[in-house]
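Each remark here refers to the structure printed beneath this line.
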Amino acid sequence: MVDRCDVLAVGAHPDDVELGCGGVLARLAATGRRVGILDLSAGEMASRGSVAQRRAEAARAARALGAAWRTCLELPDGDLAAHDPAQQAAVVAVLRRAAPRAVLAHHGDDGHPDHRQAAELVRRACFLAGVGRVLPELGPPWRPALVLAFPGPRQLFSPQLVVDVTAWYDAKRAALAAHPSQFEVGWEGDGGASPTHLSSGYFLAAVEGRDRAAGNLIGCQFGEGLVAEMALNLDEIAWLLGAGR
């Protein structure tokens, strides 16, 4: 299901937006913004967890963050391709139907190949969705006013903008805990799946450390860093973070 939203967060796989901007999404949802989440793939190539398990986990995580809706395009995990016209059209269709004022997506320098492709795919789709003669059958043109990139979990990242998410960090933790197939030490949902780096325990500790470091930049306990993918309109930032105030 895709519906109207104020903010659309796009990840290559289930759990990506939770890792990169889960606190921001929880803050936005709690303070009045309607948040939608789009997973480009179902994460079917992951070392642990079936598609059905990951779908159920993603739904629980979306509820923990307060998202209005979450959907998956079921593009091929491991083969996201920014230059594929069919993949571009799939994202354009979501943008035109959801008409988000702000989009959050992967940063282009993320080391994960799918994350890099997702970053470029979303960037291209945000432009194409605003061109009326491109895919007119998908609805009237729409282009978000604000496009922000979040870091990958193992990406060295210098943010342009840090959002204080201290009051909403428990929601981020709950959303990550909703993905036991990926992060739970000793998870046996696959009948004894092998441990992975993600389920090591120190992976999530490192993500939390990154968010503490980002918070330290602005004098708070937890922050999430973002980078603008276009000229940063401060009126749009004021709109984004000003709900409920």
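Following the order of the structure tokens, first chain is A, next is B, and so on, with residues numbered from 1 inside each chain and ligands from 1 in the order they appear.
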(request) Fewer than 3 positions away in the same chain doesn't count, so skip those; otherwise give me all residues within 6 Å of Ala105 (chain A), counting only C-alpha atoms, as number ranges by chain. (result) A: 9-10, 149
(request) Name all residues at most 8 Å from Pro153 (chain A) (count only C-alpha atoms; drop same-chain ones fewer than 2 positions away) and give them as a ChimeraX atom specification. (result) /A:19-20,151,155,207
(message) I'd like to know which of A:Glu188, A:Asp235, A:Asp110, A:Asp164 is closest to Gly215 (chain A), using only C-alpha atoms.
(response) A:Asp164
(request) For Glu229 (chain A), work out the shell of residues within 12 Å, counting only C-alpha atoms and skipping chain neighbours fewer than 5 positions away, then give it as a list in words. (result)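 Near neighbours after the sequence-gap exclusion: Ala102, Val103, Leu104, Ala105, His106, His107, Gly108, Ala119, Glu120, Val122, Arg123, Arg124, Cys126, Phe127, Pro144, Ala145, Leu146, Val147, Leu148, Ala149, Phe150, Pro159, Gln160 and Leu161 of chain A.
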Just to be explicit: take each residue in the selection above, keep C-alpha atoms, and write the result as a PDB file, in the first residue's frame.
```pdb
ATOM      1  CA  ALA A 102      10.701  15.365   2.037  1.00  0.00           C
ATOM      2  CA  VAL A 103      12.583  12.197   1.066  1.00  0.00           C
ATOM      3  CA  LEU A 104      15.261  10.445   3.145  1.00  0.00           C
ATOM      4  CA  ALA A 105      17.450   7.874   1.397  1.00  0.00           C
ATOM      5  CA  HIS A 106      20.914   6.299   1.334  1.00  0.00           C
ATOM      6  CA  HIS A 107      24.064   8.351   0.905  1.00  0.00           C
ATOM      7  CA  GLY A 108      25.889   7.817  -2.375  1.00  0.00           C
ATOM      8  CA  ALA A 119      21.025   6.368  -3.502  1.00  0.00           C
ATOM      9  CA  GLU A 120      21.387   7.084  -7.205  1.00  0.00           C
ATOM     10  CA  VAL A 122      16.189   7.621  -5.625  1.00  0.00           C
ATOM     11  CA  ARG A 123      18.048  10.729  -6.757  1.00  0.00           C
ATOM     12  CA  ARG A 124      17.145  10.030 -10.393  1.00  0.00           C
ATOM     13  CA  CYS A 126      13.073  12.345  -7.551  1.00  0.00           C
ATOM     14  CA  PHE A 127      14.081  14.302 -10.643  1.00  0.00           C
ATOM     15  CA  PRO A 144      10.032  16.619  -3.222  1.00  0.00           C
ATOM     16  CA  ALA A 145      11.251  19.936  -1.888  1.00  0.00           C
ATOM     17  CA  LEU A 146      13.825  18.307   0.385  1.00  0.00           C
ATOM     18  CA  VAL A 147      16.035  15.264  -0.237  1.00  0.00           C
ATOM     19  CA  LEU A 148      18.292  14.176   2.626  1.00  0.00           C
ATOM     20  CA  ALA A 149      20.759  11.285   2.797  1.00  0.00           C
ATOM     21  CA  PHE A 150      21.426   9.114   5.844  1.00  0.00           C
ATOM     22  CA  PRO A 159      26.879  15.311   8.493  1.00  0.00           C
ATOM     23  CA  GLN A 160      25.664  18.713   7.365  1.00  0.00           C
ATOM     24  CA  LEU A 161      22.675  18.463   9.676  1.00  0.00           C
TER      25      LEU A 161
END
```
(request) Pick out the closest residue to Arg55 (chain A) from this set: A:His13, A:Ala30, A:Asp109, A:Trp187. Count only C-alpha atoms. (result)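 Smallest distance to Arg55 (chain A) is found for A:His13.
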(message) Quick check for you: according to DSSP on this backbone, which residues of region 35-230 of chain A are classed as strand (DSSP E)? Reply as JSON, numbers by chain.
(response) {"A": [35, 36, 37, 38, 39, 40, 41, 69, 70, 71, 72, 73, 74, 75, 102, 103, 104, 105, 106, 146, 147, 148, 149, 150, 161, 162, 163, 164, 223, 224, 225, 226, 227, 228]}
(request) Have a look at CA of Cys220 (chain A) and CA of Asp15 (chain A) and let me know their distance in Å, one decimal. (result) 24.6 Å
(message) as JSON, numbers by chain, please: every residue in region 37-208 of chain A that a backbone DSSP assignment puts in helix (DSSP H, G or I).
(response) {"A": [51, 52, 53, 54, 55, 56, 57, 58, 59, 60, 61, 62, 63, 64, 65, 85, 86, 87, 88, 89, 90, 91, 92, 93, 94, 95, 96, 97, 98, 113, 114, 115, 116, 117, 118, 119, 120, 121, 122, 123, 124, 125, 126, 127, 128, 136, 137, 138, 166, 167, 168, 169, 170, 171, 172, 173, 174, 175, 176, 177, 180, 181, 182, 183, 202, 203, 204, 205, 206, 207, 208]}
Store the residues of this selection in a file with C-alpha atoms, as a PDB file, in the first residue's frame.
```pdb
ATOM      1  CA  VAL A  51      11.235 -13.123   2.928  1.00  0.00           C
ATOM      2  CA  ALA A  52       8.098 -13.797   4.975  1.00  0.00           C
ATOM      3  CA  GLN A  53       9.995 -13.393   8.250  1.00  0.00           C
ATOM      4  CA  ARG A  54      11.625 -10.183   7.108  1.00  0.00           C
ATOM      5  CA  ARG A  55       8.308  -8.787   5.896  1.00  0.00           C
ATOM      6  CA  ALA A  56       6.749  -9.394   9.318  1.00  0.00           C
ATOM      7  CA  GLU A  57       9.766  -7.852  11.043  1.00  0.00           C
ATOM      8  CA  ALA A  58       9.586  -4.767   8.825  1.00  0.00           C
ATOM      9  CA  ALA A  59       5.923  -4.288   9.674  1.00  0.00           C
ATOM     10  CA  ARG A  60       6.646  -4.492  13.421  1.00  0.00           C
ATOM     11  CA  ALA A  61       9.507  -2.030  13.060  1.00  0.00           C
ATOM     12  CA  ALA A  62       7.292   0.430  11.177  1.00  0.00           C
ATOM     13  CA  ARG A  63       4.779   0.313  14.024  1.00  0.00           C
ATOM     14  CA  ALA A  64       7.545   0.931  16.559  1.00  0.00           C
ATOM     15  CA  LEU A  65       8.579   4.062  14.657  1.00  0.00           C
ATOM     16  CA  PRO A  85      14.211   2.118 -16.526  1.00  0.00           C
ATOM     17  CA  ALA A  86      11.837  -0.367 -14.878  1.00  0.00           C
ATOM     18  CA  GLN A  87      13.333   0.252 -11.446  1.00  0.00           C
ATOM     19  CA  GLN A  88      13.229   4.009 -12.026  1.00  0.00           C
ATOM     20  CA  ALA A  89       9.570   3.783 -13.033  1.00  0.00           C
ATOM     21  CA  ALA A  90       8.719   1.788  -9.898  1.00  0.00           C
ATOM     22  CA  VAL A  91      10.146   4.498  -7.646  1.00  0.00           C
ATOM     23  CA  VAL A  92       8.645   7.323  -9.710  1.00  0.00           C
ATOM     24  CA  ALA A  93       5.226   5.715  -9.286  1.00  0.00           C
ATOM     25  CA  VAL A  94       5.598   5.713  -5.498  1.00  0.00           C
ATOM     26  CA  LEU A  95       6.794   9.323  -5.418  1.00  0.00           C
ATOM     27  CA  ARG A  96       3.877  10.543  -7.505  1.00  0.00           C
ATOM     28  CA  ARG A  97       1.319   8.631  -5.489  1.00  0.00           C
ATOM     29  CA  ALA A  98       2.761   9.464  -2.061  1.00  0.00           C
ATOM     30  CA  PRO A 113      26.768  -1.775  -3.507  1.00  0.00           C
ATOM     31  CA  ASP A 114      22.977  -1.931  -3.186  1.00  0.00           C
ATOM     32  CA  HIS A 115      22.991   1.160  -0.978  1.00  0.00           C
ATOM     33  CA  ARG A 116      25.011   3.068  -3.574  1.00  0.00           C
ATOM     34  CA  GLN A 117      22.627   2.033  -6.330  1.00  0.00           C
ATOM     35  CA  ALA A 118      19.623   2.886  -4.152  1.00  0.00           C
ATOM     36  CA  ALA A 119      21.025   6.368  -3.502  1.00  0.00           C
ATOM     37  CA  GLU A 120      21.387   7.084  -7.205  1.00  0.00           C
ATOM     38  CA  LEU A 121      18.084   5.407  -8.065  1.00  0.00           C
ATOM     39  CA  VAL A 122      16.189   7.621  -5.625  1.00  0.00           C
ATOM     40  CA  ARG A 123      18.048  10.729  -6.757  1.00  0.00           C
ATOM     41  CA  ARG A 124      17.145  10.030 -10.393  1.00  0.00           C
ATOM     42  CA  ALA A 125      13.558   9.130  -9.546  1.00  0.00           C
ATOM     43  CA  CYS A 126      13.073  12.345  -7.551  1.00  0.00           C
ATOM     44  CA  PHE A 127      14.081  14.302 -10.643  1.00  0.00           C
ATOM     45  CA  LEU A 128      12.137  12.210 -13.143  1.00  0.00           C
ATOM     46  CA  PRO A 136       2.681  10.421 -17.654  1.00  0.00           C
ATOM     47  CA  GLU A 137       0.648   7.246 -17.134  1.00  0.00           C
ATOM     48  CA  LEU A 138       1.983   7.100 -13.568  1.00  0.00           C
ATOM     49  CA  THR A 166      17.374  11.590  22.253  1.00  0.00           C
ATOM     50  CA  ALA A 167      13.721  11.555  23.281  1.00  0.00           C
ATOM     51  CA  TRP A 168      12.876   9.086  20.499  1.00  0.00           C
ATOM     52  CA  TYR A 169      15.861   6.765  20.718  1.00  0.00           C
ATOM     53  CA  ASP A 170      13.961   4.023  22.523  1.00  0.00           C
ATOM     54  CA  ALA A 171      11.661   3.853  19.494  1.00  0.00           C
ATOM     55  CA  LYS A 172      14.702   3.329  17.267  1.00  0.00           C
ATOM     56  CA  ARG A 173      15.953   0.582  19.581  1.00  0.00           C
ATOM     57  CA  ALA A 174      12.520  -1.067  19.473  1.00  0.00           C
ATOM     58  CA  ALA A 175      12.458  -0.888  15.682  1.00  0.00           C
ATOM     59  CA  LEU A 176      15.865  -2.562  15.449  1.00  0.00           C
ATOM     60  CA  ALA A 177      14.825  -5.197  17.980  1.00  0.00           C
ATOM     61  CA  PRO A 180      15.723 -10.492  15.258  1.00  0.00           C
ATOM     62  CA  SER A 181      16.615 -12.430  12.111  1.00  0.00           C
ATOM     63  CA  GLN A 182      19.261  -9.809  11.367  1.00  0.00           C
ATOM     64  CA  PHE A 183      20.454  -8.576  14.749  1.00  0.00           C
ATOM     65  CA  TYR A 202      28.883  -5.145  18.631  1.00  0.00           C
ATOM     66  CA  PHE A 203      27.349  -4.143  15.288  1.00  0.00           C
ATOM     67  CA  LEU A 204      24.339  -2.467  16.923  1.00  0.00           C
ATOM     68  CA  ALA A 205      26.607  -1.152  19.677  1.00  0.00           C
ATOM     69  CA  ALA A 206      28.674   0.558  16.980  1.00  0.00           C
ATOM     70  CA  VAL A 207      25.538   2.071  15.401  1.00  0.00           C
ATOM     71  CA  GLU A 208      24.530   3.425  18.787  1.00  0.00           C
TER      72      GLU A 208
END
```
(request) Fewer than 4 positions away in the same chain doesn't count, so skip those; otherwise give me all residues within 6 Å of region 72-75 of chain A, counting only C-alpha atoms, as a ChimeraX atom specification. (result) /A:38-42
(request) Skip Pro195 (chain A) itself and residues of its chain fewer than 3 positions away, then list as a ChimeraX atom specification all residues within 9 Å of it, counting only C-alpha atoms. (result) /A:47-48,185-187,192,198-200
(message) Under the rule that only C-alpha atoms are counted, which of A:Gly36, A:Gly43, A:Pro100, A:Gly223 is the nearest residue to Asp79 (chain A)?
(response)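 Smallest separation from Asp79 (chain A) among the options: A:Gly43.
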(request) Go through A:Arg133, A:Arg154, A:His112, A:Val163 and flag the residue nearest Gly242 (chain A), using only C-alpha atoms for the distances. (result)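 Result for the nearest residue to Gly242 (chain A): A:Val163.
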(message) Calculated over only C-alpha atoms, which of the candidates A:His197, A:Trp142, A:Ile218, A:Gly225 has the smallest distance to Phe157 (chain A)?
(response)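 With only C-alpha atoms as the atom set, the closest residue is A:Gly225.
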(message) Counting only C-alpha atoms, which residue out of A:Arg143, A:Gly32, A:Ser194, A:Val24 sits closest to Val131 (chain A)?
(response)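 Residue with the minimum atom-to-atom distance to Val131 (chain A): A:Arg143.
In this structure, CA of Glu44 (chain A) sits 9.8 Å away from CA of Pro14 (chain A).
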